[in-house]
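J.: Take a look at work.cif, mmCIF, C-alpha atoms:
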```
data_run
#
loop_
_atom_site.label_atom_id
_atom_site.label_comp_id
_atom_site.auth_asym_id
_atom_site.auth_seq_id
_atom_site.Cartn_x
_atom_site.Cartn_y
_atom_site.Cartn_z
CA MET C 225 -12.29 45.28 23.35
CA LYS C 226 -11.99 41.56 24.02
CA ARG C 227 -8.59 40.15 23.13
CA THR C 228 -8.60 37.43 20.48
CA ARG C 229 -7.57 34.04 21.83
CA ILE C 230 -6.26 30.91 20.17
CA GLU C 231 -9.62 29.28 20.85
CA ASP C 232 -11.34 32.02 18.85
CA ILE C 233 -9.05 31.56 15.86
CA ALA C 234 -9.47 27.77 15.98
CA LYS C 235 -13.26 28.11 15.98
CA GLU C 236 -13.23 30.59 13.09
CA ALA C 237 -10.79 28.50 11.01
CA LYS C 238 -12.55 25.24 11.92
CA VAL C 239 -9.34 23.60 13.14
CA SER C 240 -8.08 22.44 16.53
CA LYS C 241 -6.42 24.70 19.11
CA ALA C 242 -3.30 22.54 18.82
CA THR C 243 -3.14 23.28 15.08
CA VAL C 244 -3.39 27.03 15.66
CA ASP C 245 -0.67 26.78 18.31
CA ARG C 246 1.62 24.92 15.86
CA VAL C 247 1.03 27.56 13.19
CA ILE C 248 1.68 30.52 15.48
CA HIS C 249 4.76 29.07 17.15
CA LYS C 250 6.07 27.13 14.12
CA ARG C 251 5.92 23.83 15.99
CA GLY C 252 6.21 21.06 13.43
CA PHE C 253 4.57 20.50 10.08
CA VAL C 254 1.25 22.08 9.02
CA ARG C 255 -0.18 22.05 5.50
CA GLU C 256 -0.07 25.36 3.62
CA GLU C 257 -3.84 25.23 3.10
CA THR C 258 -4.34 24.97 6.88
CA VAL C 259 -1.88 27.81 7.57
CA ARG C 260 -3.84 29.95 5.11
CA LYS C 261 -7.14 29.21 6.91
CA VAL C 262 -5.57 30.15 10.24
CA ALA C 263 -4.10 33.35 8.74
CA GLU C 264 -7.46 34.40 7.31
CA ALA C 265 -9.18 33.75 10.64
CA ALA C 266 -6.51 35.70 12.52
CA HIS C 267 -6.91 38.73 10.26
CA LYS C 268 -10.70 38.58 10.47
CA LEU C 269 -10.51 38.58 14.29
CA ALA C 270 -7.76 41.24 14.33
CA TYR C 271 -5.31 38.95 16.12
CA TYR C 272 -2.26 40.94 17.20
CA ALA C 273 0.27 38.40 15.83
CA SER C 274 -1.35 37.80 12.45
CA GLY C 275 1.78 39.16 10.73
CA LEU C 276 3.81 36.24 12.09
CA ILE C 277 1.42 33.82 10.44
CA ASP C 278 1.58 35.74 7.15
CA ARG C 279 5.35 35.36 7.12
CA GLN C 280 5.00 31.58 7.13
CA LEU C 281 3.06 31.76 3.87
CA THR C 282 5.85 33.72 2.17
CA ALA C 283 8.71 31.69 3.66
CA PRO C 284 10.63 29.40 1.26
CA LEU C 285 9.23 25.87 1.11
CA ALA C 286 11.15 23.07 2.77
CA ARG C 287 12.67 20.44 0.49
CA VAL C 288 11.73 16.79 1.04
CA ARG C 289 13.50 14.09 -0.96
CA PHE C 290 11.44 10.92 -1.35
CA GLY C 291 12.95 7.56 -2.28
CA PHE C 292 10.82 4.63 -3.47
CA LEU C 293 11.88 1.06 -4.14
CA LEU C 294 9.50 -1.09 -6.20
CA ILE C 295 9.60 -4.37 -8.12
CA LYS C 296 8.55 -5.60 -11.58
CA GLU C 297 9.26 -2.47 -13.60
CA ARG C 298 7.49 -3.80 -16.70
CA GLN C 299 4.27 -4.83 -14.98
CA GLU C 300 1.21 -2.66 -15.46
CA PHE C 301 0.38 -2.41 -11.75
CA TYR C 302 3.84 -1.16 -10.75
CA GLN C 303 3.95 1.25 -13.66
CA SER C 304 0.69 2.75 -12.38
CA PHE C 305 2.12 2.70 -8.85
CA SER C 306 5.13 4.72 -9.97
CA LYS C 307 2.95 7.33 -11.71
CA GLU C 308 0.69 7.73 -8.67
CA LEU C 309 3.67 8.18 -6.33
CA THR C 310 5.10 10.88 -8.59
CA ARG C 311 1.71 12.58 -8.81
CA ALA C 312 1.16 12.45 -5.02
CA VAL C 313 4.43 14.32 -4.42
CA ALA C 314 3.84 16.81 -7.25
CA ASP C 315 0.37 17.67 -5.92
CA ARG C 316 1.74 18.86 -2.58
CA GLN C 317 2.04 22.63 -2.31
CA ASP C 318 3.38 22.81 1.25
CA PHE C 319 6.88 21.54 0.50
CA ARG C 320 9.18 21.13 -2.48
CA GLY C 321 9.23 17.42 -3.15
CA GLU C 322 11.79 15.46 -5.14
CA VAL C 323 11.16 11.86 -6.21
CA THR C 324 13.59 9.04 -6.91
CA ILE C 325 12.14 5.66 -7.90
CA ARG C 326 14.24 2.53 -8.18
CA TYR C 327 13.24 -0.99 -9.26
CA SER C 328 14.94 -4.07 -7.92
CA PRO C 329 16.25 -6.34 -10.71
CA SER C 330 15.31 -9.40 -8.62
CA GLN C 331 13.64 -10.41 -5.38
CA SER C 332 17.00 -11.12 -3.76
CA PRO C 333 17.30 -9.66 -0.22
CA ALA C 334 20.83 -8.53 -1.08
CA ASP C 335 19.58 -6.57 -4.10
CA PHE C 336 16.84 -4.92 -2.04
CA ALA C 337 19.27 -3.97 0.74
CA ALA C 338 21.83 -2.53 -1.70
CA ILE C 339 19.24 -0.32 -3.42
CA MET C 340 17.88 0.87 -0.06
CA ARG C 341 21.37 1.95 1.00
CA GLU C 342 21.97 3.68 -2.34
CA LEU C 343 18.67 5.56 -2.08
CA ALA C 344 19.52 6.69 1.44
CA THR C 345 22.55 8.61 0.17
CA HIS C 346 20.36 11.20 -1.54
CA THR C 347 16.88 10.99 0.03
CA ASP C 348 15.31 11.94 3.35
CA ALA C 349 12.93 8.98 3.66
CA ILE C 350 12.38 5.70 1.83
CA ALA C 351 9.27 3.60 1.16
CA CYS C 352 9.67 0.18 -0.38
CA THR C 353 8.03 -3.05 -1.45
CA VAL C 354 10.52 -5.69 -0.35
CA VAL C 355 10.68 -9.17 1.16
CA ASN C 356 10.83 -9.89 4.87
CA HIS C 357 14.41 -11.07 5.39
CA SER C 358 17.15 -10.45 7.96
CA ILE C 359 19.39 -8.75 5.37
CA VAL C 360 16.61 -6.31 4.41
CA ASN C 361 15.61 -5.74 8.02
CA GLU C 362 19.17 -4.98 9.05
CA ALA C 363 19.50 -2.46 6.22
CA ALA C 364 16.28 -0.74 7.32
CA ARG C 365 17.43 -0.68 10.95
CA SER C 366 20.80 0.82 10.01
CA LEU C 367 19.24 3.51 7.82
CA ARG C 368 16.74 4.44 10.50
CA GLN C 369 19.53 4.81 13.05
CA ASN C 370 21.30 7.11 10.60
CA GLY C 371 18.24 9.33 10.27
CA VAL C 372 16.60 7.91 7.13
CA PRO C 373 13.26 6.27 8.03
CA VAL C 374 12.09 3.32 5.95
CA PHE C 375 8.39 2.65 5.32
CA ALA C 376 6.94 -0.69 4.18
CA LEU C 377 4.57 -0.66 1.20
CA LEU C 378 2.07 -3.46 0.42
CA ASN C 379 4.19 -6.12 2.16
CA ASP C 380 5.27 -5.80 5.77
CA PHE C 381 8.77 -6.50 7.03
CA GLY C 382 11.16 -5.73 9.84
CA HIS C 383 9.05 -4.85 12.88
CA GLY C 384 11.19 -2.50 14.92
CA ALA C 385 13.35 -1.69 11.89
CA ARG C 386 10.88 -0.08 9.50
CA GLN C 387 8.81 2.97 10.42
CA THR C 388 5.20 2.19 9.36
CA TYR C 389 3.53 -0.44 7.20
CA ILE C 390 1.16 1.11 4.61
CA GLY C 391 -1.20 -1.07 2.60
CA LEU C 392 -4.05 -3.54 2.88
CA ASP C 393 -4.68 -5.68 5.91
CA ASN C 394 -3.46 -8.84 4.17
CA HIS C 395 -5.08 -11.22 6.65
CA LYS C 396 -8.40 -9.55 5.91
CA ALA C 397 -7.75 -9.78 2.17
CA GLY C 398 -7.31 -13.53 2.53
CA ARG C 399 -10.61 -13.78 4.37
CA LEU C 400 -12.35 -11.84 1.59
CA ALA C 401 -10.96 -14.29 -0.98
CA ALA C 402 -12.18 -17.23 1.12
CA TRP C 403 -15.66 -15.77 1.43
CA MET C 404 -15.99 -15.27 -2.31
CA ILE C 405 -14.82 -18.79 -3.16
CA ALA C 406 -17.20 -20.20 -0.54
CA MET C 407 -20.09 -18.30 -2.11
CA ALA C 408 -19.14 -19.05 -5.73
CA SER C 409 -18.40 -22.77 -5.38
CA ARG C 410 -21.65 -24.72 -5.35
CA GLN C 411 -20.12 -28.22 -5.10
CA PRO C 412 -17.54 -29.87 -2.83
CA GLY C 413 -14.01 -30.24 -4.12
CA LYS C 414 -10.50 -28.83 -4.03
CA VAL C 415 -9.17 -25.28 -3.74
CA ALA C 416 -5.66 -24.15 -4.72
CA ILE C 417 -3.67 -21.19 -3.44
CA PHE C 418 -0.58 -19.63 -5.05
CA LEU C 419 2.04 -17.76 -3.00
CA GLY C 420 4.99 -15.78 -4.34
CA SER C 421 7.47 -17.14 -1.81
CA ASN C 422 7.79 -17.60 1.94
CA ARG C 423 9.69 -14.31 2.11
CA TRP C 424 6.59 -12.25 1.29
CA GLN C 425 5.00 -11.83 4.71
CA GLY C 426 1.86 -10.39 3.11
CA HIS C 427 1.30 -13.63 1.20
CA GLU C 428 1.63 -15.69 4.37
CA LEU C 429 -0.92 -13.48 6.11
CA LYS C 430 -3.29 -13.85 3.16
CA GLU C 431 -2.92 -17.62 3.29
CA ALA C 432 -3.58 -17.69 7.04
CA GLY C 433 -6.74 -15.60 6.68
CA PHE C 434 -7.86 -17.62 3.65
CA ARG C 435 -7.41 -21.04 5.28
CA SER C 436 -8.98 -20.18 8.62
CA TYR C 437 -12.06 -18.52 7.15
CA LEU C 438 -12.72 -20.98 4.33
CA SER C 439 -12.49 -23.92 6.76
CA GLN C 440 -15.20 -22.23 8.86
CA LEU C 441 -17.46 -21.50 5.90
CA ARG C 442 -17.10 -24.70 3.84
CA THR C 443 -15.93 -27.96 5.39
CA ASP C 444 -16.55 -29.68 2.03
CA LEU C 445 -13.83 -27.69 0.28
CA ASP C 446 -10.36 -29.15 0.69
CA ILE C 447 -7.52 -26.59 0.51
CA LEU C 448 -4.47 -28.04 -1.23
CA GLU C 449 -0.91 -27.37 -0.12
CA PRO C 450 0.19 -23.88 -1.23
CA VAL C 451 2.02 -23.59 -4.53
CA ILE C 452 5.08 -21.32 -4.68
CA ASN C 453 4.96 -19.58 -8.07
CA LEU C 454 7.76 -17.00 -7.59
CA GLU C 455 5.18 -14.49 -8.87
CA THR C 456 5.82 -15.54 -12.49
CA ARG C 457 3.05 -16.07 -15.04
CA LYS C 458 4.91 -18.99 -16.71
CA LEU C 459 5.23 -21.07 -13.54
CA THR C 460 1.67 -20.17 -12.51
CA HIS C 461 0.38 -21.28 -15.90
CA GLU C 462 2.25 -24.59 -15.89
CA THR C 463 1.18 -25.41 -12.35
CA SER C 464 -2.43 -24.37 -12.94
CA VAL C 465 -2.64 -26.68 -15.96
CA ALA C 466 -1.22 -29.54 -13.89
CA LEU C 467 -3.68 -28.89 -11.05
CA LEU C 468 -6.65 -28.76 -13.42
CA GLU C 469 -5.59 -32.06 -14.99
CA ARG C 470 -4.95 -33.75 -11.64
CA HIS C 471 -8.09 -32.46 -9.89
CA PRO C 472 -11.23 -32.50 -12.03
CA ASP C 473 -13.07 -31.29 -8.93
CA LEU C 474 -10.94 -28.14 -8.54
CA ARG C 475 -13.49 -25.50 -7.48
CA GLY C 476 -11.36 -22.47 -6.72
CA ILE C 477 -7.97 -20.81 -7.17
CA TYR C 478 -6.63 -17.93 -5.11
CA VAL C 479 -3.52 -16.18 -6.45
CA ALA C 480 -2.32 -14.37 -3.32
CA GLY C 481 0.55 -12.56 -5.07
CA GLY C 482 1.65 -12.06 -8.66
CA GLY C 483 1.36 -14.39 -11.62
CA MET C 484 -2.40 -14.19 -12.11
CA GLU C 485 -1.96 -14.03 -15.91
CA GLY C 486 -0.84 -17.66 -15.90
CA ALA C 487 -3.87 -18.88 -13.94
CA ILE C 488 -6.25 -16.93 -16.18
CA ALA C 489 -4.65 -18.40 -19.31
CA ALA C 490 -4.86 -21.95 -17.93
CA LEU C 491 -8.56 -21.60 -17.11
CA ARG C 492 -9.30 -20.24 -20.56
CA GLU C 493 -7.60 -23.30 -22.07
CA MET C 494 -9.19 -25.96 -19.86
CA ARG C 495 -12.45 -24.80 -18.25
CA ALA C 496 -15.64 -22.98 -19.11
CA PRO C 497 -16.16 -19.48 -17.70
CA GLY C 498 -17.20 -19.60 -14.04
CA GLU C 499 -16.49 -23.32 -13.64
CA VAL C 500 -13.60 -22.55 -11.28
CA ALA C 501 -13.80 -19.53 -8.98
CA LEU C 502 -10.66 -17.41 -9.42
CA ILE C 503 -9.62 -14.62 -7.03
CA VAL C 504 -6.70 -12.38 -8.03
CA ASN C 505 -5.12 -9.08 -6.98
CA GLU C 506 -5.17 -5.64 -8.60
CA LEU C 507 -7.29 -4.41 -11.48
CA THR C 508 -5.21 -4.37 -14.68
CA SER C 509 -6.12 -4.81 -18.33
CA VAL C 510 -5.66 -8.59 -17.89
CA SER C 511 -7.77 -8.98 -14.74
CA ARG C 512 -10.41 -6.61 -16.13
CA ALA C 513 -10.74 -8.78 -19.26
CA ALA C 514 -10.97 -11.92 -17.09
CA LEU C 515 -13.78 -10.38 -15.05
CA SER C 516 -15.54 -9.36 -18.23
CA ASP C 517 -15.50 -12.82 -19.80
CA GLY C 518 -16.25 -14.70 -16.58
CA TYR C 519 -12.87 -16.29 -15.86
CA ALA C 520 -12.15 -14.13 -12.80
CA THR C 521 -14.69 -14.11 -9.97
CA MET C 522 -13.31 -11.19 -7.96
CA VAL C 523 -10.34 -8.84 -8.03
CA ILE C 524 -9.08 -7.47 -4.70
CA GLY C 525 -7.51 -4.11 -5.45
CA THR C 526 -5.33 -1.60 -3.64
CA PRO C 527 -6.62 2.01 -3.78
CA LEU C 528 -3.39 3.24 -5.37
CA ALA C 529 -4.10 6.98 -5.34
CA GLN C 530 -4.98 6.92 -1.65
CA LEU C 531 -2.03 4.64 -0.84
CA CYS C 532 0.36 7.08 -2.49
CA ARG C 533 -1.17 10.19 -0.93
CA ASP C 534 -1.09 8.63 2.54
CA THR C 535 2.46 7.37 2.06
CA VAL C 536 3.71 10.81 1.02
CA GLU C 537 1.87 12.40 3.95
CA LEU C 538 3.40 10.03 6.54
CA MET C 539 6.88 10.35 5.05
CA ALA C 540 6.65 14.16 4.97
CA GLN C 541 5.44 14.30 8.55
CA ASN C 542 8.36 12.18 9.68
CA VAL C 543 10.92 14.29 7.82
CA LEU C 544 9.51 17.72 8.68
CA GLN C 545 8.35 17.11 12.22
CA GLY C 546 11.23 14.94 13.39
CA ARG C 547 10.40 12.47 16.12
CA VAL C 548 6.65 12.52 15.60
CA GLN C 549 4.61 9.55 16.79
CA MET C 550 3.91 7.27 13.82
CA PRO C 551 1.37 4.44 13.63
CA ASP C 552 2.80 0.94 13.39
CA ALA C 553 0.43 0.15 10.52
CA HIS C 554 -1.75 2.27 8.26
CA PHE C 555 -4.39 0.01 6.72
CA LEU C 556 -6.42 0.90 3.64
CA GLU C 557 -9.79 -0.55 2.72
CA PRO C 558 -9.52 -2.87 -0.30
CA GLN C 559 -11.35 -2.20 -3.54
CA LEU C 560 -13.48 -5.16 -4.62
CA PHE C 561 -14.18 -5.61 -8.32
CA LEU C 562 -16.84 -8.03 -9.54
CA PRO C 563 -18.02 -8.80 -13.12
CA PRO C 564 -21.07 -6.47 -12.88
CA SER C 565 -18.82 -3.54 -11.94
CA ILE C 566 -16.71 -3.80 -15.10
#
```
Here is a file; write its structure as structure tokens.

T.:
Amino acid sequence: MKRTRIEDIAKEAKVSKATVDRVIHKRGFVREETVRKVAEAAHKLAYYASGLIDRQLTAPLARVRFGFLLIKERQEFYQSFSKELTRAVADRQDFRGEVTIRYSPSQSPADFAAIMRELATHTDAIACTVVNHSIVNEAARSLRQNGVPVFALLNDFGHGARQTYIGLDNHKAGRLAAWMIAMASRQPGKVAIFLGSNRWQGHELKEAGFRSYLSQLRTDLDILEPVINLETRKLTHETSVALLERHPDLRGIYVAGGGMEGAIAALREMRAPGEVALIVNELTSVSRAALSDGYATMVIGTPLAQLCRDTVELMAQNVLQGRVQMPDAHFLEPQLFLPPSI
């Protein structure tokens, strides 16, 4: 009788030979579902070492402690983000996951760094939305050297210090915003862009993509100097009102970070629906209402469920497999919401 080979099991289980090898020899991390497929294939083909595979299914699950650092605890988007992260860990059946979520009380680099260090005392890996600053980068570098990898979420920071950036390609997001304003604005005029601060690298990348692409598409649209809004709705509202008063020919506004509520409110007070093209981030109850009544032209969204699943997967791989090769960046495709889709 022909002896069953790894190649035979891989073909029957519809997985790679390398995966079967990892399952048989316990080399690194393999999902429980995949181990089960390999076990079933091994039994079906009467593989002599199928009992070894069965033992992996009855072995106690490894514990993985996840730490997450977010901002803006009261904002709808980050509340949804927190729920999706918790759900992504709870849905995993191949390890016993524990979740700790912290919110920074400010956007101070010192506050971010302090929370990162506190999280590292009782977690195996950390993923965070933080600013790009030397204090934060040094904290990430120190934690990584001490065996706690740090992943960047939504906004990149600390190349060489953090493990992997996970989120949208922010340069591409800026180009998408430019394209929509170019298509929606029928007359020449001015365009405004709001940035959270110069410490948010993602905002700078969005601005770079926005400026370069809009200047190619529409030479008759003049992009004003960026406005720093500190991601607050109050400052965004006050500045938007001032811009609308100063520039009757304002044709578009791109809010590259937070604070979109202020821009939406200003447009409702001073312009008719659709008179100024407005591009904002993330679909919330506020941006959904603005799309519905014509004050928002497009919302560029992050696929939160996928972001959280992929983040948990990469963090678990790093913890359970050790020095596994990780991508420098893991980009997700943005979700584009237009008025007809609401």

J.: Skip segment 241-245 of chain C itself and residues of its chain fewer than 2 positions away, then list as a PyMOL selection string all residues within 7 Å of it, counting only C-alpha atoms.

T.: chain C and resi 230-231+234+239+247-249+262

J.: Given the PyMOL selection byres ((chain C and resi 523) around 8) and the file above, list the residues it selects as a ChimeraX atom specification.

T.: /C:503-507,511,515,520-522,524-525,560-562

J.: Show me the residues around (-1.9, 28.6, 0.7) - criterion: an atom at most 10 Å away, all atoms listed in the file counted - as number ranges by chain.

T.: C: 255-261, 263, 280-282, 317-318

J.: Step by step: start from the point (0.8, -9.4, -7.3) in the file's coordinates, keep every protein, DNA or RNA residue that has an atom no farther than 8 Å from it, count all atoms listed in the file, and write the set as a ChimeraX atom specification.

T.: /C:455,480-484,505-506

J.: Here is a test: counting all atoms listed in the file, which residue of C:Ala489, C:Ala344, C:Ala432, C:Leu377 is nearest to Lys396 of chain C?

T.: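 When distances to Lys396 of chain C are compared using all atoms listed in the file, the smallest one comes from C:Ala432.
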
J.: Using all atoms listed in the file for the distances, tell me which of C:Ala490, C:Val548, C:Leu454, C:Val536 is nearest to Tyr519 of chain C.

T.: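 Residue with the minimum atom-to-atom distance to Tyr519 of chain C: C:Ala490.
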
J.: Pick from C:Ala501, C:Leu474, C:Val372, C:Ala338: nearest to Trp403 of chain C, with all atoms listed in the file counted?

T.: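 Among C:Ala501, C:Leu474, C:Val372, C:Ala338, it is C:Ala501 that comes nearest to Trp403 of chain C.
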
J.: Write out as a tab-separated table the residues of segment 260-312 of chain C that have any atom within 12 Å of an atom of segment 320-335 of chain C, one row each with the nearest atom pair and its distance in Å to one decimal, counting only C-alpha atoms, sorted by chain and then rising number.

T.:
```
residue	atom	partner	partner_atom	distance
C:Pro284	CA	C:Arg320	CA	9.2
C:Leu285	CA	C:Arg320	CA	5.9
C:Ala286	CA	C:Arg320	CA	5.9
C:Arg287	CA	C:Arg320	CA	4.6
C:Val288	CA	C:Gly321	CA	4.9
C:Arg289	CA	C:Glu322	CA	4.7
C:Phe290	CA	C:Val323	CA	5.0
C:Gly291	CA	C:Thr324	CA	4.9
C:Phe292	CA	C:Ile325	CA	4.7
C:Leu293	CA	C:Arg326	CA	4.9
C:Leu294	CA	C:Tyr327	CA	4.8
C:Ile295	CA	C:Tyr327	CA	5.1
C:Lys296	CA	C:Tyr327	CA	7.0
C:Glu297	CA	C:Tyr327	CA	6.1
C:Arg298	CA	C:Tyr327	CA	9.8
C:Gln299	CA	C:Tyr327	CA	11.3
C:Tyr302	CA	C:Tyr327	CA	9.5
C:Gln303	CA	C:Tyr327	CA	10.5
C:Phe305	CA	C:Ile325	CA	10.5
C:Ser306	CA	C:Ile325	CA	7.4
C:Lys307	CA	C:Ile325	CA	10.1
C:Glu308	CA	C:Val323	CA	11.5
C:Leu309	CA	C:Val323	CA	8.3
C:Thr310	CA	C:Val323	CA	6.6
C:Arg311	CA	C:Val323	CA	9.8
C:Ala312	CA	C:Gly321	CA	9.7
```

J.: Hey, which of C:Leu502, C:Ala270, C:Leu556, C:Ile488 ends up closest to Glu462 of chain C? Count all atoms listed in the file.

T.: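 Under the stated criterion, the closest residue is C:Ile488.
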
J.: Provide the atom CA of Arg399 of chain C to atom CA of Leu448 of chain C distance in Å, to one decimal place.

T.: 16.5 Å

J.: Using the chain letters and numbers from this file, what does the PyMOL selection byres ((chain C and resi 385) around 9) select? Give the answer as a list in words.

T.: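 Here the PyMOL selection byres ((chain C and resi 385) around 9) matches Asn361, Glu362, Ala363, Ala364, Arg365, Ser366, Leu367, Arg368, Pro373, Val374, Phe381, Gly382, His383, Gly384, Arg386 and Gln387 of chain C.
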
J.: Would you kindly return, as a PyMOL selection string, each protein, DNA or RNA residue with an atom no farther than 9 Å from any atom of Met494 of chain C, considering all atoms listed in the file and excluding same-chain residues fewer than 6 positions away?

T.: chain C and resi 465+468-469

J.: Work out how far atom CA of Thr526 of chain C is from atom CA of Leu459 of chain C, in Å to one decimal.

T.: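 Rounded to one decimal, the two atoms are 24.3 Å apart.
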